[in-house]
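Please read the structure below before turning to the comments.
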Protein chains: 2
Amino acid sequence: MAGDRRIQYTKMVLRESLIELLREKPIARLTVTELCKKADINRATFYSHYRDQFDLLAQIESAVIADINSYLDHFIHETSEANMVQILTKIFEYIQQNSKLCQVLLGNNGNIDFQTNIMKIVSQRVVFEWQKKQKVDETTAEYIYTYVATGSIGIIRKWLGDDKGKPPQQMAEFVSHLVYKGIEALIE
Amino acid sequence: MAGDRRIQYTKMVLRESLIELLREKPIARLTVTELCKKADINRATFYSHYRDQFDLLAQIESAVIADINSYLDHFIHETSEANMVQILTKIFEYIQQNSKLCQVLLGNNGNIDFQTNIMKIVSQRVVFEWQKKQKVDETTAEYIYTYVATGSIGIIRKWLGDDKGKPPQQMAEFVSHLVYKGIEALIE
DNA sequence: GTGATTTCAAACACCATGTTGATTATCTTT
DNA sequence: AAAGATAATCAACATGGTGTTTGAAATCAC
């Protein structure tokens, strides 16, 4: 009763069809009818699982968020002392392994909420490192997190578009350098 | 023939109605019918000016982009030597003066393309400062721009949500500090 | 195999869409 | 102020997606 293969197939093919369609047009431009036709799933079946196409996309995004977290949890558990470079490396690795999916979710047709959620992961995983040392007030700290996290997301988005991008660890070191030392050491 | 008051009113009330609706729901969730009802404009009139609600939003965004650029052009023209803090201050000032509009366009219901376009402004206005000094390859430079620009957009978005945010110049100095020196000087 | 669950096809009323043509209101020009 | 031009309005229409409901067929778990 737990995992009916029919349900699993239906949801899987709907997910994959939506991701494919999202490479061509934004979620607002495509219809449930169009999606079901591509997936070869009856429209009534779709509505028995999802409210609309936005609901399906939201569930896909939530699953990715949960997946990244469990991926990081597993890693953190193994090496009790994780620094920022290690965490970032793992995130870049995960994104590389799921590049097609991430290209859509983080691409120009993606929504901002998902970026924000990824951002929160980056923040939460690194924040505890800084809270020990920081001497700035809480508000300032939040602004710093925002800057670092959104900047990192921007780099990830660009990296996803590059055919010949650097490997995850080099990217993590590069980002870490930018975060801690800024660009001063890189110019002049 | 240039500015028919009827057209001006129609477009103006449609713009304002759309912005109001976007504070409640994303563009994909609202209909042309709903928008015209709120604006008290006949639907056929809407279609004589815009293709759909996305077209209207895109035109609003383009106008803002152009407005920011002319705002900066005017400033740069006056003071021939502008540094990053000055440019950022002007951008923060502009956003503060148009906070209601920017809150919607940069908020969670906004689209990523607009953020990217704002990002390009930040980059283009500051890039020439760095190109003189930089000793990194072009690809690395692009990644740096991306990090700095998207990070700055993130701070702007957070600043727009803060009731008691710092004044534009302090924000500009704060961002400039983060960009050049990173967070190392702020912790420990 | 058997009962339970899911998918499917078809049909349905409902609503948004995009367009049309005729009418009314407003603007610009003189 | 009047005339001609332009734009907004209104009603109406065909079209297509929506969300739901039926009963039958297919597939599942046990």
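If you're wondering about the labels, chains in the structure tokens are A, B, ... by order shown, residues count from 1 in each chain, ligands from 1 in order shown.
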Q: Just the residues within 8 Å of stretch 15-19 of chain D, please, counting only C-alpha atoms (C1' of nucleotides), with nothing from its chain fewer than 2 positions along; format it as a ChimeraX atom specification.
A: /A:31,33 /C:14-15
Q.
Set the cut-off to 8 Å and count only C-alpha atoms (C1' of nucleotides): what are the residues of chain D that reach chain A? Output as an MDAnalysis selection string.
A. chainID D and resid 17 27:29
Dump as a short mmCIF file (atom, residue, chain, number, x, y, z; two decimals), in the first residue's frame, selection limited to N, CA and C atoms (P, O5', C5', C4', C3', O3' and C1' of nucleotides):
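Everything below was put into out_31.cif:
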data_model
loop_
_atom_site.label_atom_id
_atom_site.label_comp_id
_atom_site.auth_asym_id
_atom_site.auth_seq_id
_atom_site.Cartn_x
_atom_site.Cartn_y
_atom_site.Cartn_z
P DG D 17 -5.78 24.30 -25.01
"O5'" DG D 17 -5.81 24.51 -23.43
"C5'" DG D 17 -5.30 25.71 -22.90
"C4'" DG D 17 -5.91 25.96 -21.54
"C3'" DG D 17 -5.77 24.80 -20.56
"O3'" DG D 17 -5.30 25.29 -19.31
"C1'" DG D 17 -8.05 25.45 -20.75
P DT D 27 -2.32 -2.76 -17.78
"O5'" DT D 27 -1.92 -2.69 -16.24
"C5'" DT D 27 -1.78 -1.42 -15.62
"C4'" DT D 27 -1.81 -1.56 -14.12
"C3'" DT D 27 -0.85 -2.61 -13.56
"O3'" DT D 27 0.14 -1.96 -12.80
"C1'" DT D 27 -2.98 -2.66 -12.48
P DC D 28 1.44 -2.78 -12.30
"O5'" DC D 28 1.17 -2.88 -10.74
"C5'" DC D 28 0.93 -1.68 -10.00
"C4'" DC D 28 0.16 -1.98 -8.72
"C3'" DC D 28 0.84 -2.99 -7.81
"O3'" DC D 28 1.55 -2.31 -6.78
"C1'" DC D 28 -1.56 -3.33 -7.98
P DA D 29 2.65 -3.08 -5.94
"O5'" DA D 29 1.78 -3.63 -4.71
"C5'" DA D 29 0.95 -2.73 -3.99
"C4'" DA D 29 0.12 -3.49 -2.96
"C3'" DA D 29 0.92 -4.46 -2.08
"O3'" DA D 29 0.45 -4.40 -0.74
"C1'" DA D 29 -0.76 -5.64 -3.28
#
Q: Please return, as a list in words, all residues of chain C lying within 7 Å of chain A when only C-alpha atoms (C1' of nucleotides) are considered.
A: DT6, DT7 and DC8 of chain C
Written file, previous selection with N, CA and C atoms (P, O5', C5', C4', C3', O3' and C1' of nucleotides), as a short mmCIF file (atom, residue, chain, number, x, y, z; two decimals), in the first residue's frame:
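Here's the written file out_21.cif:
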data_model
loop_
_atom_site.label_atom_id
_atom_site.label_comp_id
_atom_site.auth_asym_id
_atom_site.auth_seq_id
_atom_site.Cartn_x
_atom_site.Cartn_y
_atom_site.Cartn_z
P DT C 6 -4.84 4.89 -4.80
"O5'" DT C 6 -4.61 4.84 -6.37
"C5'" DT C 6 -3.60 3.99 -6.89
"C4'" DT C 6 -3.72 3.92 -8.40
"C3'" DT C 6 -3.85 5.28 -9.09
"O3'" DT C 6 -2.82 5.42 -10.04
"C1'" DT C 6 -5.48 3.75 -9.90
P DT C 7 -2.55 6.83 -10.79
"O5'" DT C 7 -3.08 6.55 -12.26
"C5'" DT C 7 -2.61 5.42 -12.98
"C4'" DT C 7 -3.55 5.12 -14.12
"C3'" DT C 7 -3.79 6.30 -15.07
"O3'" DT C 7 -3.31 5.97 -16.36
"C1'" DT C 7 -5.83 5.19 -14.50
P DC C 8 -3.23 7.09 -17.50
"O5'" DC C 8 -4.62 6.95 -18.26
"C5'" DC C 8 -5.01 5.68 -18.76
"C4'" DC C 8 -6.47 5.68 -19.14
"C3'" DC C 8 -6.91 6.85 -20.03
"O3'" DC C 8 -7.16 6.38 -21.34
"C1'" DC C 8 -8.50 6.35 -18.29
#
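Here atom CA of B:Gln115 is placed at a distance of 20.2 Å from atom CA of A:Glu24.
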Q | Interface residues on chain A facing chain B, 8 Å, only C-alpha atoms, written as a PyMOL selection string | A | chain A and resi 28+108-113+130+133-136+143-144+146-155+158+178-184+186-188
What does the file look like for those residues with N, CA, C and O atoms, as a CSV table (one decimal), in the first residue's frame?
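This went into part00.csv:
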chain,number,residue,atom,x,y,z
A,28,ALA,N,4.5,29.7,-16.1
A,28,ALA,CA,3.2,30.4,-16.3
A,28,ALA,C,2.7,30.2,-17.7
A,28,ALA,O,1.5,30.4,-18.0
A,108,ASN,N,16.7,31.1,-15.6
A,108,ASN,CA,15.9,32.3,-15.8
A,108,ASN,C,14.4,32.1,-15.6
A,108,ASN,O,13.7,33.0,-15.4
A,109,ASN,N,14.0,30.9,-15.9
A,109,ASN,CA,12.6,30.6,-15.7
A,109,ASN,C,12.2,30.1,-14.3
A,109,ASN,O,11.1,29.8,-14.0
A,110,GLY,N,13.2,30.0,-13.5
A,110,GLY,CA,13.0,29.5,-12.1
A,110,GLY,C,12.4,30.6,-11.3
A,110,GLY,O,12.3,31.8,-11.7
A,111,ASN,N,11.9,30.2,-10.1
A,111,ASN,CA,11.3,31.3,-9.2
A,111,ASN,C,12.3,31.6,-8.1
A,111,ASN,O,13.2,30.9,-7.8
A,112,ILE,N,12.1,32.8,-7.5
A,112,ILE,CA,13.0,33.3,-6.6
A,112,ILE,C,12.9,32.6,-5.3
A,112,ILE,O,14.0,32.5,-4.6
A,113,ASP,N,11.8,32.1,-4.9
A,113,ASP,CA,11.6,31.4,-3.6
A,113,ASP,C,12.6,30.2,-3.5
A,113,ASP,O,13.2,30.0,-2.5
A,130,TRP,N,30.4,31.3,12.0
A,130,TRP,CA,30.7,32.8,12.2
A,130,TRP,C,30.2,33.3,13.6
A,130,TRP,O,30.8,34.1,14.2
A,133,LYS,N,32.6,33.8,16.2
A,133,LYS,CA,33.7,34.8,16.2
A,133,LYS,C,33.2,36.2,16.0
A,133,LYS,O,33.9,37.1,16.3
A,134,GLN,N,32.0,36.3,15.5
A,134,GLN,CA,31.6,37.6,15.0
A,134,GLN,C,31.5,38.7,16.1
A,134,GLN,O,31.1,38.4,17.2
A,135,LYS,N,31.8,39.9,15.7
A,135,LYS,CA,31.7,41.0,16.7
A,135,LYS,C,30.8,42.1,16.2
A,135,LYS,O,30.8,43.2,16.6
A,136,VAL,N,30.0,41.7,15.2
A,136,VAL,CA,29.0,42.7,14.7
A,136,VAL,C,27.6,42.4,15.2
A,136,VAL,O,27.4,41.3,15.7
A,143,TYR,N,22.7,40.9,7.1
A,143,TYR,CA,23.0,41.5,5.8
A,143,TYR,C,24.2,40.8,5.2
A,143,TYR,O,24.3,40.6,4.0
A,144,ILE,N,25.2,40.5,6.0
A,144,ILE,CA,26.4,39.8,5.5
A,144,ILE,C,26.0,38.4,5.0
A,144,ILE,O,26.4,38.0,3.9
A,146,THR,N,23.1,37.5,3.8
A,146,THR,CA,22.4,37.8,2.6
A,146,THR,C,23.3,38.0,1.4
A,146,THR,O,23.2,37.4,0.3
A,147,TYR,N,24.3,38.9,1.6
A,147,TYR,CA,25.2,39.2,0.6
A,147,TYR,C,26.0,37.9,0.1
A,147,TYR,O,26.1,37.6,-1.1
A,148,VAL,N,26.5,37.2,1.1
A,148,VAL,CA,27.3,36.1,0.8
A,148,VAL,C,26.5,35.0,0.1
A,148,VAL,O,26.9,34.4,-0.9
A,149,ALA,N,25.3,34.7,0.6
A,149,ALA,CA,24.5,33.6,0.1
A,149,ALA,C,24.0,33.9,-1.3
A,149,ALA,O,24.1,33.1,-2.2
A,150,THR,N,23.4,35.1,-1.5
A,150,THR,CA,22.9,35.4,-2.8
A,150,THR,C,24.0,35.5,-3.8
A,150,THR,O,23.9,35.1,-5.0
A,151,GLY,N,25.2,36.1,-3.4
A,151,GLY,CA,26.3,36.1,-4.3
A,151,GLY,C,26.7,34.7,-4.7
A,151,GLY,O,27.1,34.5,-5.9
A,152,SER,N,26.7,33.8,-3.8
A,152,SER,CA,27.1,32.4,-4.1
A,152,SER,C,26.1,31.8,-5.0
A,152,SER,O,26.5,31.1,-5.9
A,153,ILE,N,24.8,32.0,-4.8
A,153,ILE,CA,23.8,31.5,-5.7
A,153,ILE,C,24.1,32.1,-7.1
A,153,ILE,O,24.0,31.3,-8.1
A,154,GLY,N,24.4,33.3,-7.2
A,154,GLY,CA,24.7,33.9,-8.5
A,154,GLY,C,25.9,33.2,-9.2
A,154,GLY,O,25.8,32.9,-10.4
A,155,ILE,N,26.9,32.9,-8.5
A,155,ILE,CA,28.0,32.2,-9.0
A,155,ILE,C,27.6,30.8,-9.5
A,155,ILE,O,28.0,30.3,-10.5
A,158,LYS,N,25.8,31.0,-12.7
A,158,LYS,CA,26.7,31.2,-13.8
A,158,LYS,C,27.5,29.9,-14.1
A,158,LYS,O,27.7,29.5,-15.3
A,178,LEU,N,36.5,34.7,-2.0
A,178,LEU,CA,35.7,35.9,-2.2
A,178,LEU,C,35.0,36.3,-1.0
A,178,LEU,O,34.9,37.5,-0.6
A,179,VAL,N,34.4,35.4,-0.3
A,179,VAL,CA,33.6,35.6,0.9
A,179,VAL,C,34.5,36.3,2.0
A,179,VAL,O,34.1,37.3,2.5
A,180,TYR,N,35.6,35.6,2.2
A,180,TYR,CA,36.4,36.1,3.4
A,180,TYR,C,37.3,37.3,3.0
A,180,TYR,O,37.4,38.2,3.8
A,181,LYS,N,37.9,37.3,1.9
A,181,LYS,CA,38.8,38.3,1.6
A,181,LYS,C,38.4,39.4,0.6
A,181,LYS,O,39.1,40.4,0.3
A,182,GLY,N,37.2,39.1,0.0
A,182,GLY,CA,36.7,40.1,-1.0
A,182,GLY,C,37.6,40.1,-2.2
A,182,GLY,O,38.4,39.1,-2.5
A,183,ILE,N,37.5,41.1,-3.1
A,183,ILE,CA,38.2,41.1,-4.3
A,183,ILE,C,39.5,41.9,-4.2
A,183,ILE,O,40.3,41.9,-5.2
A,184,GLU,N,39.8,42.4,-3.1
A,184,GLU,CA,41.0,43.3,-3.0
A,184,GLU,C,42.3,42.5,-3.3
A,184,GLU,O,43.2,43.0,-3.9
A,186,LEU,N,42.5,40.2,-5.3
A,186,LEU,CA,42.5,39.7,-6.7
A,186,LEU,C,42.9,40.8,-7.7
A,186,LEU,O,43.2,40.5,-8.9
A,187,ILE,N,42.8,42.0,-7.3
A,187,ILE,CA,43.0,43.1,-8.3
A,187,ILE,C,44.3,43.9,-7.8
A,187,ILE,O,44.6,43.9,-6.6
A,188,GLU,N,44.9,44.5,-8.8
A,188,GLU,CA,46.1,45.3,-8.6
A,188,GLU,C,47.2,44.6,-7.9
A,188,GLU,O,47.0,43.5,-7.3
Q: Would you list, as a PyMOL selection string, the residues of stretch 2-174 of chain B that end up in helix (DSSP H, G or I) under DSSP run on this structure's backbone?
A: chain B and resi 5-22+27-29+32-39+43-47+53-78+84-97+99-106+112-133+138-161+168-174
So that I have them on file, write out the residues from the current selection with C-alpha atoms, as a CSV table (one decimal), in the first residue's frame.
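Listing of selection12.csv after writing:
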chain,number,residue,atom,x,y,z
B,5,ARG,CA,-4.4,61.9,-22.2
B,6,ARG,CA,-6.7,59.0,-22.7
B,7,ILE,CA,-3.8,56.7,-23.5
B,8,GLN,CA,-1.7,58.1,-20.7
B,9,TYR,CA,-4.5,57.5,-18.2
B,10,THR,CA,-5.2,54.0,-19.5
B,11,LYS,CA,-1.6,52.9,-19.3
B,12,MET,CA,-1.1,54.6,-15.9
B,13,VAL,CA,-4.0,53.0,-14.2
B,14,LEU,CA,-3.1,49.6,-15.7
B,15,ARG,CA,0.4,49.9,-14.4
B,16,GLU,CA,-0.6,50.9,-10.9
B,17,SER,CA,-3.3,48.2,-10.8
B,18,LEU,CA,-0.8,45.6,-11.8
B,19,ILE,CA,1.7,46.7,-9.2
B,20,GLU,CA,-1.0,46.5,-6.6
B,21,LEU,CA,-2.1,43.0,-7.6
B,22,LEU,CA,1.5,41.8,-7.7
B,27,ILE,CA,2.1,37.5,-12.2
B,28,ALA,CA,1.3,34.0,-13.3
B,29,ARG,CA,-1.7,33.8,-10.9
B,32,VAL,CA,-6.1,40.0,-17.7
B,33,THR,CA,-9.8,40.0,-16.8
B,34,GLU,CA,-9.0,40.5,-13.1
B,35,LEU,CA,-6.5,43.3,-13.9
B,36,CYS,CA,-9.0,45.2,-16.1
B,37,LYS,CA,-11.7,44.9,-13.6
B,38,LYS,CA,-9.5,46.4,-10.9
B,39,ALA,CA,-8.3,49.2,-13.3
B,43,ARG,CA,-10.5,44.4,-21.7
B,44,ALA,CA,-10.4,45.2,-25.4
B,45,THR,CA,-8.7,48.4,-24.5
B,46,PHE,CA,-6.0,46.5,-22.7
B,47,TYR,CA,-5.4,44.3,-25.7
B,53,GLN,CA,-0.1,40.8,-18.5
B,54,PHE,CA,3.5,39.7,-19.0
B,55,ASP,CA,4.0,42.2,-21.7
B,56,LEU,CA,2.7,45.0,-19.4
B,57,LEU,CA,5.1,43.9,-16.6
B,58,ALA,CA,8.0,43.7,-19.0
B,59,GLN,CA,7.3,47.3,-20.2
B,60,ILE,CA,7.2,48.5,-16.6
B,61,GLU,CA,10.5,46.8,-15.9
B,62,SER,CA,12.1,48.3,-19.0
B,63,ALA,CA,11.0,51.7,-18.0
B,64,VAL,CA,12.5,51.3,-14.5
B,65,ILE,CA,15.8,50.1,-16.0
B,66,ALA,CA,15.9,53.1,-18.4
B,67,ASP,CA,15.0,55.4,-15.6
B,68,ILE,CA,17.8,54.2,-13.4
B,69,ASN,CA,20.3,54.5,-16.2
B,70,SER,CA,19.3,58.1,-17.0
B,71,TYR,CA,19.4,58.9,-13.3
B,72,LEU,CA,22.9,57.6,-13.1
B,73,ASP,CA,23.9,59.2,-16.4
B,74,HIS,CA,22.9,62.5,-15.1
B,75,PHE,CA,24.9,62.0,-12.0
B,76,ILE,CA,28.0,60.7,-13.6
B,77,HIS,CA,27.9,63.5,-16.1
B,78,GLU,CA,28.1,66.0,-13.3
B,84,MET,CA,31.8,52.7,-6.4
B,85,VAL,CA,30.5,54.1,-3.2
B,86,GLN,CA,29.1,57.1,-5.0
B,87,ILE,CA,27.4,55.0,-7.7
B,88,LEU,CA,26.0,52.6,-5.1
B,89,THR,CA,24.7,55.5,-3.1
B,90,LYS,CA,22.8,56.8,-6.1
B,91,ILE,CA,21.3,53.4,-6.7
B,92,PHE,CA,20.2,53.0,-3.1
B,93,GLU,CA,18.8,56.5,-3.3
B,94,TYR,CA,16.8,55.7,-6.4
B,95,ILE,CA,15.5,52.5,-4.9
B,96,GLN,CA,14.5,54.3,-1.7
B,97,GLN,CA,12.6,56.9,-3.7
B,99,SER,CA,10.5,51.7,-2.8
B,100,LYS,CA,7.0,50.6,-3.4
B,101,LEU,CA,7.6,49.8,-7.0
B,102,CYS,CA,11.0,48.2,-6.4
B,103,GLN,CA,9.5,46.1,-3.5
B,104,VAL,CA,7.3,44.4,-6.1
B,105,LEU,CA,9.7,44.1,-8.9
B,106,LEU,CA,12.5,42.8,-6.7
B,112,ILE,CA,14.8,36.8,-12.2
B,113,ASP,CA,15.4,38.6,-15.5
B,114,PHE,CA,14.7,42.0,-13.9
B,115,GLN,CA,17.2,41.2,-11.1
B,116,THR,CA,19.7,40.2,-13.8
B,117,ASN,CA,19.2,43.5,-15.6
B,118,ILE,CA,19.7,45.5,-12.5
B,119,MET,CA,22.8,43.4,-11.9
B,120,LYS,CA,24.1,44.3,-15.3
B,121,ILE,CA,23.7,48.0,-14.4
B,122,VAL,CA,25.7,47.5,-11.3
B,123,SER,CA,28.4,45.6,-13.2
B,124,GLN,CA,28.6,48.0,-16.1
B,125,ARG,CA,28.9,51.0,-13.9
B,126,VAL,CA,31.7,49.6,-11.8
B,127,VAL,CA,33.5,47.3,-14.2
B,128,PHE,CA,35.5,50.0,-15.8
B,129,GLU,CA,37.1,50.8,-12.5
B,130,TRP,CA,38.3,47.2,-12.1
B,131,GLN,CA,39.4,46.6,-15.6
B,132,LYS,CA,42.3,49.0,-15.2
B,133,LYS,CA,43.7,47.2,-12.2
B,138,GLU,CA,38.5,37.4,-18.0
B,139,THR,CA,36.5,34.3,-16.9
B,140,THR,CA,37.5,34.8,-13.3
B,141,ALA,CA,36.6,38.5,-13.6
B,142,GLU,CA,33.1,37.5,-14.8
B,143,TYR,CA,32.6,35.3,-11.9
B,144,ILE,CA,33.7,38.1,-9.6
B,145,TYR,CA,31.2,40.5,-11.2
B,146,THR,CA,28.5,37.9,-10.8
B,147,TYR,CA,29.2,37.3,-7.2
B,148,VAL,CA,29.4,41.0,-6.3
B,149,ALA,CA,26.4,42.0,-8.4
B,150,THR,CA,24.0,39.3,-7.2
B,151,GLY,CA,25.2,39.7,-3.7
B,152,SER,CA,24.4,43.4,-3.9
B,153,ILE,CA,21.0,42.7,-5.3
B,154,GLY,CA,20.4,40.4,-2.4
B,155,ILE,CA,21.3,43.1,0.1
B,156,ILE,CA,19.0,45.6,-1.8
B,157,ARG,CA,16.1,43.1,-1.5
B,158,LYS,CA,16.7,42.7,2.2
B,159,TRP,CA,17.0,46.4,2.7
B,160,LEU,CA,13.7,47.0,0.9
B,161,GLY,CA,12.0,44.7,3.4
B,168,PRO,CA,21.6,55.0,1.3
B,169,GLN,CA,25.2,56.2,1.8
B,170,GLN,CA,25.8,54.0,4.8
B,171,MET,CA,24.4,51.0,2.8
B,172,ALA,CA,26.7,51.9,-0.1
B,173,GLU,CA,29.7,52.0,2.2
B,174,PHE,CA,28.8,48.8,3.8
Q | Distance query C:DT29 at most 10 Å, only C-alpha atoms (C1' of nucleotides), self and fewer than 4 positions along chain excluded, as JSON, numbers by chain | A | {"D": [3, 4, 5]}
